[in-house]
Each structure stands twice: as C-alpha cells, then as structure tokens.
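Q: Have a look at this one before I ask anything.
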Amino acid sequence: MQHIPSDNSTPEHEEATSSLEQSKVQASKHADQVIYRDLVIFEERLRGNMIRLQRRKRKFEALLCCLLLLLAYFFYAVFVDPSKAFTNHLLNTMALLIAAGSLVFFYRSGMYSEKIIYAAEFVPHCNRALQSFNLQFNKKGESGELSFYPMIPKQLQDGFDRYRKQYHARKKARQQANKVKTN
C-alpha cells in the first residue's frame, strides 16, 4: 500500500501556498503605496491652502494697518492740528471720512472675518475634520504635515513617513531636472 499524505503538505501545495501569500503581501504593499500617495497628495493640498490663506491674511492685515494709520493721521489733521487753509481742512475732513468709511466697510462686509479670521482658524478647522480619521495637520512654521494619532499602528506611520521622504526626494529631483533643462 502506498502512503498518501492527507495533510496537504506536499511540496506543490506548499509552493502554491507560499506564492499565494507572496501575492497577498505584494497586493497589500501596493494598496499601502496607494494610500500613502493619496495621503501625501492630500497633505500637499492642505499645505498649499494654508500657505495661500496665510499670504492673503498678511495682505489684508497690511491693508487694515494702512487704513488705521490713515485714520489716525487724518483724525490728527482734522481735530488736533487743523489746517488754517479751508481747502486743506476740507480735504483732510473728506479723507478722514473716506478712511473711516473704508474701515467700517472692511468690518461690516465680512472681509475681516473672511480674509483674516478664517486664515487663522484653518488649521484648527482641519484638525476637527481630520479627527475622525485619526489624523491631524500640524503647522510647523510655513509648512504643515499630516501626523497620525497614537492609536494608528506604528508600522503604518513609519511606512507613511518613509513614503513621504521618498516622494519629496523624487519631487526635488524632478524640479532640479526641470531647472537644468530650462537653463
């Protein structure tokens, strides 16, 4: 009588099982790469929006400062040290009214809250939205990056950090290559 292994431990079966496991591992790595790529693109978009909002905020803060300085100057020119010439006094008064009206318009139209306050609230707003995904957007100076909450497996966090570094290295190399082509 010939003995037939019943526990499926033949070399062919083991080879098929190992190739199946390898294909599952490769598919898992590919899925992770897709997730990492999407996260890096999302991070780039958040960073770009944050930088754009900060620039816009600085421009409108400069406008607000100019309006306040003009208001202070023309208030001084009209009430503290009025001009002896009627025409100059009239021009200073009109400029004071225009500066005051512009300042009132700046606040009442919602430009202050839309252009200055919204930019300051962007990162906290993002973090409230990302909290359900166990992510947060950390602002570090002029840049921002996604980070995971501690409950996310360390393996996923490390994989994303490695992918992010590779992505930025490839991006920098592409930019250098394009710079060389244009020169």
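Letters for chains follow the order of the structure tokens (A, B, ...), residue numbers begin at 1 for each chain, and ligand numbers begin at 1 in the order shown.
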Please provide as an mmCIF file with C-alpha atoms, in the first residue's frame all residues within 10 Å of Asn127 in chain A, with the sequence filter that same-chain residues fewer than 6 positions apart are discarded (counting only C-alpha atoms).

A:
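Here's the written file result-v7.cif:
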```cif
data_model
loop_
_atom_site.group_PDB
_atom_site.id
_atom_site.type_symbol
_atom_site.label_atom_id
_atom_site.label_comp_id
_atom_site.auth_asym_id
_atom_site.auth_seq_id
_atom_site.Cartn_x
_atom_site.Cartn_y
_atom_site.Cartn_z
ATOM 1 C CA PHE A 133 -9.762 59.738 10.590
ATOM 2 C CA ASN A 134 -7.218 59.686 13.450
ATOM 3 C CA LEU A 135 -5.122 62.316 11.654
ATOM 4 C CA GLN A 136 -4.066 65.822 12.476
ATOM 5 C CA PHE A 137 -2.478 68.613 10.475
ATOM 6 C CA ASN A 138 0.475 70.087 12.321
ATOM 7 C CA LEU A 146 -0.125 65.223 8.493
#
```

Q: Out of range 23-179 of chain A, which residues get strand (DSSP E) from DSSP, as a PyMOL selection string?

A: chain A and resi 135-140+143-148

Q: Leaving out Leu63 in chain A and any residue of its chain fewer than 3 positions from it, which residues lie within 12 Å of it when counting only C-alpha atoms, given as a PyMOL selection string?

A: chain A and resi 56-60+66-70+99+102-103+106+111-112+115-116

Q: Find the distance between CA of Gly144 in chain A and CA of Ala31 in chain A and write it in Å to one decimal.

A: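 Separation of CA of Gly144 in chain A and CA of Ala31 in chain A: 24.9 Å.
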
Q: Would you please work out which residue, of A:Phe105, A:Phe160, A:Phe148, A:Phe79, is nearest to Ser132 in chain A when using only C-alpha atoms?

A: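 Checking each of A:Phe105, A:Phe160, A:Phe148, A:Phe79 against Ser132 in chain A, counting only C-alpha atoms, the winner is A:Phe148.
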
Q: Where in range 72-110 of chain A does DSSP assign helix (DSSP H, G or I), given as an MDAnalysis selection string?

A: chainID A and resid 72:80 86:108

Q: Please list as a list of chain:residue names every residue within 12 Å of Tyr163 in chain A, counting only C-alpha atoms and excluding residues in the same chain fewer than 3 positions away.

A: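 Final neighbour list, sorted by chain and number: A:Lys29, A:Asp32, A:Gln33, A:Val34, A:Ile35, A:Tyr36, A:Arg37, A:Asp38, A:Leu39, A:Val40, A:Ile41, A:Leu156, A:Gln157, A:Asp158, A:Gly159, A:Phe160, A:Gln166, A:Tyr167, A:His168, A:Ala169, A:Arg170.
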
Q: At a cut-off of 6 Å, using only C-alpha atoms, what residues contact range 84-92 of chain A? Leave out same-chain residues fewer than 2 positions from it and give the result as an MDAnalysis selection string.

A: chainID A and resid 74 94:95

Q: Could you please take those selected residues and save C-alpha atoms as a PDB file, in the first residue's frame?

A:
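What follows is the written file again.pdb:
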```pdb
ATOM      1  CA  PHE A  74      -6.416 112.384   9.287  1.00  0.00           C
ATOM      2  CA  MET A  94     -13.074 114.178   3.410  1.00  0.00           C
ATOM      3  CA  ALA A  95     -10.059 111.863   3.654  1.00  0.00           C
TER       4      ALA A  95
END
```
